[in-house]
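Next up, entry_24.cif (mmCIF, C-alpha atoms):
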```
data_my_file
#
loop_
_atom_site.label_atom_id
_atom_site.label_comp_id
_atom_site.auth_asym_id
_atom_site.auth_seq_id
_atom_site.Cartn_x
_atom_site.Cartn_y
_atom_site.Cartn_z
CA MET A 1 0.00 0.00 0.00
CA THR A 2 1.32 3.43 -0.82
CA THR A 3 0.65 6.73 0.87
CA GLY A 4 0.97 8.90 -2.24
CA CYS A 5 4.07 10.60 -0.74
CA SER A 6 7.32 9.53 -2.41
CA PHE A 7 9.32 10.12 0.79
CA CYS A 8 6.91 8.02 2.86
CA ASP A 9 6.78 5.24 0.27
CA GLY A 10 10.49 5.06 -0.55
CA GLU A 11 13.96 5.91 0.71
CA GLY A 12 14.38 8.77 -1.78
CA GLY A 13 17.86 7.79 -2.99
CA GLU A 14 20.88 5.70 -2.03
CA LEU A 15 21.01 5.57 1.74
CA LEU A 16 24.15 7.06 3.32
CA TRP A 17 23.07 7.44 6.95
CA ARG A 18 19.93 7.30 9.03
CA ASP A 19 18.67 7.52 12.56
CA ALA A 20 15.19 7.34 14.08
CA ARG A 21 14.37 10.89 12.94
CA CYS A 22 15.93 11.47 9.53
CA ARG A 23 18.06 10.01 6.77
CA VAL A 24 20.65 11.10 4.22
CA VAL A 25 20.53 9.87 0.64
CA LEU A 26 22.59 10.43 -2.48
CA THR A 27 20.24 11.36 -5.32
CA THR A 28 20.39 10.54 -9.01
CA GLU A 29 20.01 14.24 -9.95
CA PRO A 30 22.46 15.29 -12.69
CA PHE A 31 24.68 17.22 -10.24
CA SER A 32 27.59 15.30 -8.73
CA GLY A 33 27.18 14.69 -5.04
CA PHE A 34 23.59 16.09 -4.81
CA CYS A 35 22.31 14.72 -1.48
CA ARG A 36 19.04 15.02 0.37
CA VAL A 37 18.34 14.95 4.08
CA ILE A 38 14.81 13.68 4.58
CA TRP A 39 12.80 13.82 7.80
CA ASN A 40 11.39 10.32 8.36
CA ALA A 41 7.93 11.40 9.53
CA HIS A 42 5.55 13.17 7.15
CA VAL A 43 5.87 16.75 8.42
CA ARG A 44 5.23 19.77 6.23
CA GLU A 45 7.21 22.79 7.49
CA MET A 46 10.33 23.39 9.60
CA THR A 47 8.17 25.40 12.01
CA ASP A 48 5.93 22.34 12.46
CA LEU A 49 8.89 20.58 14.14
CA SER A 50 9.91 21.20 17.75
CA ALA A 51 13.02 23.34 18.24
CA PRO A 52 15.17 20.32 19.27
CA ALA A 53 13.96 18.36 16.22
CA ARG A 54 14.80 21.28 13.92
CA ALA A 55 18.24 21.57 15.49
CA HIS A 56 18.91 17.86 14.98
CA PHE A 57 17.72 18.01 11.37
CA MET A 58 20.01 20.95 10.60
CA ASP A 59 22.97 19.31 12.36
CA VAL A 60 22.59 16.47 9.88
CA VAL A 61 22.36 18.96 6.99
CA TYR A 62 25.58 20.65 8.18
CA ALA A 63 27.34 17.29 8.49
CA VAL A 64 26.43 16.52 4.87
CA GLU A 65 27.62 19.97 3.80
CA SER A 66 30.91 19.46 5.66
CA ALA A 67 31.49 16.02 4.17
CA LEU A 68 30.69 17.21 0.63
CA ARG A 69 32.98 20.22 0.99
CA ALA A 70 35.83 18.05 2.22
CA ARG A 71 35.37 15.37 -0.45
CA LEU A 72 34.51 17.51 -3.51
CA THR A 73 35.78 21.09 -2.85
CA PRO A 74 32.80 22.72 -4.57
CA THR A 75 32.74 26.36 -5.66
CA LYS A 76 29.69 26.87 -3.40
CA MET A 77 27.23 24.84 -1.37
CA ASN A 78 23.50 25.26 -1.97
CA LEU A 79 20.85 24.37 0.62
CA ALA A 80 17.12 24.41 -0.05
CA SER A 81 13.86 23.13 1.39
CA PHE A 82 10.79 23.63 -0.81
CA GLY A 83 8.31 20.75 -0.65
CA ASN A 84 5.86 22.36 -3.06
CA GLN A 85 5.50 19.08 -4.95
CA THR A 86 6.23 16.72 -2.04
CA PRO A 87 5.20 18.45 1.19
CA HIS A 88 7.32 16.16 3.36
CA LEU A 89 10.30 17.95 4.89
CA HIS A 90 13.55 17.41 3.02
CA TRP A 91 16.69 19.45 2.39
CA HIS A 92 18.54 19.54 -0.90
CA VAL A 93 22.28 19.73 -0.18
CA ILE A 94 24.01 20.48 -3.46
CA PRO A 95 27.70 21.00 -4.18
CA ARG A 96 27.94 23.53 -7.01
CA PHE A 97 30.82 24.02 -9.40
CA ALA A 98 31.56 27.00 -11.63
CA ASP A 99 31.50 24.66 -14.65
CA ASP A 100 28.30 22.81 -13.78
CA SER A 101 25.31 23.03 -16.12
CA HIS A 102 23.47 25.82 -14.24
CA PHE A 103 26.06 27.82 -12.28
CA PRO A 104 25.68 30.53 -10.99
CA ASP A 105 21.90 30.06 -11.15
CA PRO A 106 20.04 27.61 -8.92
CA VAL A 107 19.82 24.07 -10.31
CA TRP A 108 16.08 24.62 -10.91
CA ALA A 109 16.66 27.56 -13.29
CA SER A 110 17.43 27.36 -17.02
CA GLN A 111 20.48 25.42 -18.05
CA GLN A 112 23.47 27.65 -18.90
CA ARG A 113 25.77 25.17 -20.65
CA ASP A 114 26.68 21.50 -20.99
CA ALA A 115 28.17 20.44 -17.70
CA VAL A 116 31.79 19.39 -17.48
CA PRO A 117 31.54 15.71 -16.47
CA ARG A 118 32.45 15.25 -12.82
CA PRO A 119 32.26 11.52 -12.06
CA LEU A 120 32.30 10.58 -8.40
CA PRO A 121 35.03 8.22 -7.19
CA ASP A 122 34.02 4.55 -7.04
CA ASP A 123 34.18 4.55 -3.26
CA PHE A 124 32.19 7.79 -2.87
CA VAL A 125 29.08 6.30 -1.25
CA ALA A 126 31.09 4.29 1.27
CA ALA A 127 33.41 7.22 1.96
CA LEU A 128 30.59 9.73 2.51
CA ALA A 129 28.69 7.21 4.66
CA GLY A 130 31.84 6.83 6.73
CA ASP A 131 32.24 10.60 7.08
CA LEU A 132 28.65 10.92 8.30
CA ALA A 133 29.00 8.05 10.77
CA ALA A 134 32.15 9.69 12.14
CA MET A 135 30.37 13.03 12.59
CA LEU A 136 26.90 11.86 13.63
CA GLY A 137 27.40 8.42 15.16
CA ALA A 138 26.75 5.04 13.60
CA SER A 139 23.90 4.82 11.15
CA ALA A 140 20.84 2.98 12.45
CA ALA A 141 19.52 -0.16 10.77
CA ARG A 142 16.57 0.36 8.47
CA MET B 1 33.79 52.99 -0.93
CA THR B 2 32.13 49.73 -1.92
CA THR B 3 33.28 46.19 -1.29
CA GLY B 4 31.76 44.67 -4.42
CA CYS B 5 29.36 42.61 -2.28
CA SER B 6 25.78 43.86 -2.40
CA PHE B 7 25.06 42.57 1.12
CA CYS B 8 28.13 44.31 2.54
CA ASP B 9 27.41 47.55 0.70
CA GLY B 10 23.66 47.74 1.33
CA GLU B 11 20.87 46.54 3.58
CA GLY B 12 19.46 44.21 0.92
CA GLY B 13 15.83 45.27 1.27
CA GLU B 14 13.45 47.03 3.65
CA LEU B 15 14.70 46.41 7.16
CA LEU B 16 12.30 44.51 9.45
CA TRP B 17 14.63 43.46 12.28
CA ARG B 18 18.31 43.32 13.06
CA ASP B 19 20.77 42.45 15.76
CA ALA B 20 24.56 42.45 15.91
CA ARG B 21 24.78 39.23 13.87
CA CYS B 22 22.06 39.28 11.23
CA ARG B 23 19.13 41.18 9.79
CA VAL B 24 15.73 40.50 8.19
CA VAL B 25 14.58 42.42 5.14
CA LEU B 26 11.50 42.42 2.94
CA THR B 27 12.62 42.16 -0.68
CA THR B 28 11.18 43.68 -3.84
CA GLU B 29 11.04 40.26 -5.54
CA PRO B 30 7.72 39.67 -7.35
CA PHE B 31 6.48 37.22 -4.69
CA SER B 32 4.39 38.69 -1.88
CA GLY B 33 6.15 38.56 1.45
CA PHE B 34 9.51 37.30 0.07
CA CYS B 35 11.96 38.03 2.91
CA ARG B 36 15.68 37.49 3.34
CA VAL B 37 17.68 36.86 6.46
CA ILE B 38 21.20 38.14 5.87
CA TRP B 39 24.25 37.46 8.03
CA ASN B 40 25.89 40.81 8.73
CA ALA B 41 29.49 39.64 8.31
CA HIS B 42 30.77 38.48 4.93
CA VAL B 43 30.81 34.71 5.50
CA ARG B 44 30.47 32.19 2.68
CA GLU B 45 28.99 28.92 3.95
CA MET B 46 26.83 27.80 6.90
CA THR B 47 29.65 25.43 7.91
CA ASP B 48 32.02 28.43 8.11
CA LEU B 49 29.93 29.71 11.06
CA SER B 50 30.28 28.36 14.59
CA ALA B 51 27.49 26.04 15.75
CA PRO B 52 25.99 28.72 18.07
CA ALA B 53 26.07 31.28 15.23
CA ARG B 54 24.34 28.85 12.87
CA ALA B 55 21.70 28.12 15.51
CA HIS B 56 21.03 31.83 16.02
CA PHE B 57 20.81 32.45 12.26
CA MET B 58 18.30 29.63 11.83
CA ASP B 59 16.25 30.77 14.84
CA VAL B 60 15.80 34.06 13.00
CA VAL B 61 14.86 32.20 9.79
CA TYR B 62 12.24 30.18 11.72
CA ALA B 63 10.86 33.35 13.31
CA VAL B 64 10.41 34.85 9.84
CA GLU B 65 8.77 31.64 8.61
CA SER B 66 6.40 31.65 11.61
CA ALA B 67 5.46 35.29 11.14
CA LEU B 68 4.86 34.87 7.40
CA ARG B 69 2.75 31.75 7.96
CA ALA B 70 0.63 33.52 10.55
CA ARG B 71 0.19 36.71 8.48
CA LEU B 72 -0.22 35.24 4.96
CA THR B 73 -1.29 31.57 5.33
CA PRO B 74 0.78 30.41 2.35
CA THR B 75 0.30 27.06 0.63
CA LYS B 76 3.93 26.22 1.46
CA MET B 77 7.05 27.91 2.81
CA ASN B 78 10.29 27.74 0.81
CA LEU B 79 13.73 28.21 2.38
CA ALA B 80 16.95 28.45 0.39
CA SER B 81 20.56 29.55 0.77
CA PHE B 82 22.60 29.59 -2.44
CA GLY B 83 25.06 32.49 -2.65
CA ASN B 84 26.39 31.48 -6.05
CA GLN B 85 26.15 35.07 -7.25
CA THR B 86 26.63 36.79 -3.88
CA PRO B 87 28.71 34.48 -1.65
CA HIS B 88 27.62 36.24 1.54
CA LEU B 89 25.35 34.06 3.68
CA HIS B 90 21.66 34.83 3.26
CA TRP B 91 18.45 32.84 3.43
CA HIS B 92 15.52 33.33 1.11
CA VAL B 93 12.28 32.86 3.10
CA ILE B 94 9.45 32.71 0.59
CA PRO B 95 5.74 32.20 1.18
CA ARG B 96 4.39 30.28 -1.80
CA PHE B 97 0.80 30.16 -3.03
CA ALA B 98 -0.82 27.65 -5.36
CA ASP B 99 -1.78 30.54 -7.67
CA ASP B 100 1.60 32.31 -7.69
CA SER B 101 3.51 32.66 -10.96
CA HIS B 102 5.80 29.64 -10.48
CA PHE B 103 4.03 27.19 -8.14
CA PRO B 104 4.77 24.30 -7.64
CA ASP B 105 8.23 24.92 -9.07
CA PRO B 106 10.87 26.94 -7.22
CA VAL B 107 10.71 30.70 -7.89
CA TRP B 108 13.94 30.43 -9.92
CA ALA B 109 12.42 27.99 -12.43
CA SER B 110 10.35 28.89 -15.50
CA GLN B 111 7.19 30.89 -14.95
CA GLN B 112 4.02 28.76 -15.05
CA ARG B 113 1.34 31.44 -15.32
CA ASP B 114 0.51 35.05 -14.58
CA ALA B 115 0.37 35.39 -10.83
CA VAL B 116 -2.88 36.25 -9.11
CA PRO B 117 -2.14 39.66 -7.55
CA ARG B 118 -1.64 39.36 -3.81
CA PRO B 119 -1.04 42.87 -2.45
CA LEU B 120 0.31 43.07 1.08
CA PRO B 121 -1.71 45.03 3.65
CA ASP B 122 -0.58 48.64 4.13
CA ASP B 123 0.65 47.89 7.62
CA PHE B 124 2.54 44.72 6.61
CA VAL B 125 6.07 45.99 7.23
CA ALA B 126 5.20 47.37 10.66
CA ALA B 127 3.20 44.27 11.57
CA LEU B 128 5.93 41.82 10.54
CA ALA B 129 8.57 43.93 12.29
CA GLY B 130 6.40 43.78 15.42
CA ASP B 131 6.03 40.00 15.13
CA LEU B 132 9.80 39.58 14.87
CA ALA B 133 10.49 41.88 17.81
CA ALA B 134 7.98 39.89 19.88
CA MET B 135 9.68 36.60 18.98
CA LEU B 136 13.33 37.68 18.89
CA GLY B 137 13.56 40.72 21.13
CA ALA B 138 13.72 44.38 20.17
CA SER B 139 15.47 45.19 16.93
CA ALA B 140 18.87 46.84 17.36
CA ALA B 141 19.60 50.28 15.95
CA ARG B 142 21.51 50.33 12.68
#
```

Re-express the file's structure as structure tokens.
Amino acid sequence: MTTGCSFCDGEGGELLWRDARCRVVLTTEPFSGFCRVIWNAHVREMTDLSAPARAHFMDVVYAVESALRARLTPTKMNLASFGNQTPHLHWHVIPRFADDSHFPDPVWASQQRDAVPRPLPDDFVAALAGDLAAMLGASAAR
Amino acid sequence: MTTGCSFCDGEGGELLWRDARCRVVLTTEPFSGFCRVIWNAHVREMTDLSAPARAHFMDVVYAVESALRARLTPTKMNLASFGNQTPHLHWHVIPRFADDSHFPDPVWASQQRDAVPRPLPDDFVAALAGDLAAMLGASAAR
């Protein structure tokens, strides 16, 4: 049975870390290293969460930002939480590069150019998962 | 003398609240109630701030989100920090409406339709400034 919410029905990407409250996934978006941090429960707005829950959620976002900066040395990090299409709290955590397809515009704007290919290392998922476990504690079982 | 950074050289909008660390402005973007929370110092990434500074910055973002939700009852709130063009930390805090020009896409994507006009009440700036002062304490002098 499905709920009609893609983040309730599925993981939302390749799982890198999770705890009882939220999870980090690597997406298949055409931007190298584009991760999402997804609140596990179906909650609509940041101000619908308690202050401690918000703080925990953002600590996970900052850990992802830190790990992506250390691994990929992006030109800039982009953070965004919209939920207009899927009103289930999630943060886009996007390393941006001056030669990516949309820079300096947001990734949702018009494409500027063909992106310079930026393949991730073969061990990227394991390495980033390890970084997150080191910063946030061991990932919980599903 | 200018620094070349628009958020160092200017306020960035109509001032609603400020303290020693950050400020809230109402923008002139064509989305009713589109506010920004701007860090006063020229800092690039959230993970370049200390954890207490990040927490303070986000508390101000959440106060703006709360005030906008209470005043405007948007369909959804959108939060984003990019800084690709102006690498000086700032958060876009955007009330979104199902009949706005870009919904459900981000405001940086292609326009979907002519927006239904949504004029702000005459006392909006004073009212929102009052809401923020009630939540965050009195605004500091410039």

Given the file shown, determine the residues that the PyMOL selection byres ((chain A and resi 8-18) around 8) selects; report them as a PDB file with C-alpha atoms, in the coordinates of the input.
```pdb
ATOM      1  CA  THR A   2       1.320   3.430  -0.820  1.00  0.00           C
ATOM      2  CA  THR A   3       0.650   6.730   0.870  1.00  0.00           C
ATOM      3  CA  GLY A   4       0.970   8.900  -2.240  1.00  0.00           C
ATOM      4  CA  CYS A   5       4.070  10.600  -0.740  1.00  0.00           C
ATOM      5  CA  SER A   6       7.320   9.530  -2.410  1.00  0.00           C
ATOM      6  CA  PHE A   7       9.320  10.120   0.790  1.00  0.00           C
ATOM      7  CA  ASP A  19      18.670   7.520  12.560  1.00  0.00           C
ATOM      8  CA  ALA A  20      15.190   7.340  14.080  1.00  0.00           C
ATOM      9  CA  ARG A  21      14.370  10.890  12.940  1.00  0.00           C
ATOM     10  CA  CYS A  22      15.930  11.470   9.530  1.00  0.00           C
ATOM     11  CA  ARG A  23      18.060  10.010   6.770  1.00  0.00           C
ATOM     12  CA  VAL A  24      20.650  11.100   4.220  1.00  0.00           C
ATOM     13  CA  VAL A  25      20.530   9.870   0.640  1.00  0.00           C
ATOM     14  CA  LEU A  26      22.590  10.430  -2.480  1.00  0.00           C
ATOM     15  CA  THR A  27      20.240  11.360  -5.320  1.00  0.00           C
ATOM     16  CA  THR A  28      20.390  10.540  -9.010  1.00  0.00           C
ATOM     17  CA  ASN A  40      11.390  10.320   8.360  1.00  0.00           C
ATOM     18  CA  ALA A  41       7.930  11.400   9.530  1.00  0.00           C
ATOM     19  CA  HIS A  42       5.550  13.170   7.150  1.00  0.00           C
ATOM     20  CA  VAL A 125      29.080   6.300  -1.250  1.00  0.00           C
ATOM     21  CA  ALA A 126      31.090   4.290   1.270  1.00  0.00           C
ATOM     22  CA  LEU A 128      30.590   9.730   2.510  1.00  0.00           C
ATOM     23  CA  ALA A 129      28.690   7.210   4.660  1.00  0.00           C
ATOM     24  CA  LEU A 132      28.650  10.920   8.300  1.00  0.00           C
ATOM     25  CA  ALA A 133      29.000   8.050  10.770  1.00  0.00           C
ATOM     26  CA  ALA A 138      26.750   5.040  13.600  1.00  0.00           C
ATOM     27  CA  SER A 139      23.900   4.820  11.150  1.00  0.00           C
ATOM     28  CA  ALA A 140      20.840   2.980  12.450  1.00  0.00           C
ATOM     29  CA  ALA A 141      19.520  -0.160  10.770  1.00  0.00           C
ATOM     30  CA  ARG A 142      16.570   0.360   8.470  1.00  0.00           C
TER      31      ARG A 142
END
```

Closest contacts (chain A/chain B, max 8 Å, all atoms listed in the file) as JSON lines:
```
{"residue": "A:Glu45", "atom": "CA", "partner": "B:Met77", "partner_atom": "CA", "distance": 6.9}
{"residue": "A:Met46", "atom": "CA", "partner": "B:Tyr62", "partner_atom": "CA", "distance": 7.4}
{"residue": "A:Thr47", "atom": "CA", "partner": "B:Tyr62", "partner_atom": "CA", "distance": 6.3}
{"residue": "A:Ala55", "atom": "CA", "partner": "B:Ala55", "partner_atom": "CA", "distance": 7.4}
{"residue": "A:Tyr62", "atom": "CA", "partner": "B:Thr47", "partner_atom": "CA", "distance": 6.3}
{"residue": "A:Glu65", "atom": "CA", "partner": "B:Thr47", "partner_atom": "CA", "distance": 7.1}
{"residue": "A:Ser66", "atom": "CA", "partner": "B:Thr47", "partner_atom": "CA", "distance": 6.5}
{"residue": "A:Lys76", "atom": "CA", "partner": "B:Asn84", "partner_atom": "CA", "distance": 6.3}
{"residue": "A:Met77", "atom": "CA", "partner": "B:Phe82", "partner_atom": "CA", "distance": 6.7}
{"residue": "A:Asn78", "atom": "CA", "partner": "B:Phe82", "partner_atom": "CA", "distance": 4.4}
{"residue": "A:Leu79", "atom": "CA", "partner": "B:Ser81", "partner_atom": "CA", "distance": 5.2}
{"residue": "A:Ala80", "atom": "CA", "partner": "B:Ala80", "partner_atom": "CA", "distance": 4.1}
{"residue": "A:Ser81", "atom": "CA", "partner": "B:Leu79", "partner_atom": "CA", "distance": 5.2}
{"residue": "A:Phe82", "atom": "CA", "partner": "B:Asn78", "partner_atom": "CA", "distance": 4.4}
{"residue": "A:Gly83", "atom": "CA", "partner": "B:Lys76", "partner_atom": "CA", "distance": 7.3}
{"residue": "A:Asn84", "atom": "CA", "partner": "B:Pro104", "partner_atom": "CA", "distance": 5.1}
{"residue": "A:Gln85", "atom": "CA", "partner": "B:Pro104", "partner_atom": "CA", "distance": 5.9}
{"residue": "A:Pro87", "atom": "CA", "partner": "B:Lys76", "partner_atom": "CA", "distance": 7.9}
{"residue": "A:Phe103", "atom": "CA", "partner": "B:Asn84", "partner_atom": "CA", "distance": 7.2}
{"residue": "A:Pro104", "atom": "CA", "partner": "B:Asn84", "partner_atom": "CA", "distance": 5.1}
{"residue": "A:Asp105", "atom": "CA", "partner": "B:Asn84", "partner_atom": "CA", "distance": 6.9}
{"residue": "A:Pro106", "atom": "CA", "partner": "B:Trp108", "partner_atom": "CA", "distance": 6.8}
{"residue": "A:Trp108", "atom": "CA", "partner": "B:Ala109", "partner_atom": "CA", "distance": 5.2}
{"residue": "A:Ala109", "atom": "CA", "partner": "B:Ala109", "partner_atom": "CA", "distance": 4.3}
{"residue": "A:Ser110", "atom": "CA", "partner": "B:Ala109", "partner_atom": "CA", "distance": 6.8}
```

**Item:** One-decimal distance in Å that lies between CA of Pro121 (chain B) and CA of Ala134 (chain B)
**Value:** 19.6 Å

List, as a PDB file with C-alpha atoms, in the frame of the given file, every residue that the PyMOL selection byres ((chain B and resi 111) around 6) selects in the file provided.
```
ATOM      1  CA  SER B 101       3.510  32.660 -10.960  1.00  0.00           C
ATOM      2  CA  HIS B 102       5.800  29.640 -10.480  1.00  0.00           C
ATOM      3  CA  SER B 110      10.350  28.890 -15.500  1.00  0.00           C
ATOM      4  CA  GLN B 112       4.020  28.760 -15.050  1.00  0.00           C
ATOM      5  CA  ARG B 113       1.340  31.440 -15.320  1.00  0.00           C
TER       6      ARG B 113
END
```

**Request:** Kindly give the distance, in Å, that separates CA of Arg36 (chain A) and CA of Phe57 (chain A), rounded to a single decimal.
**Result:**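 We find that CA of Arg36 (chain A) and CA of Phe57 (chain A) lie 11.5 Å from each other.
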
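Between CA of Pro117 (chain A) and CA of Leu68 (chain A) there is a distance of 17.2 Å.
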
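Among the candidate residues B:Val60, B:Leu72, B:Pro30, B:Leu49, the one lying nearest to Phe124 (chain B) is B:Leu72, with distances computed using only C-alpha atoms.
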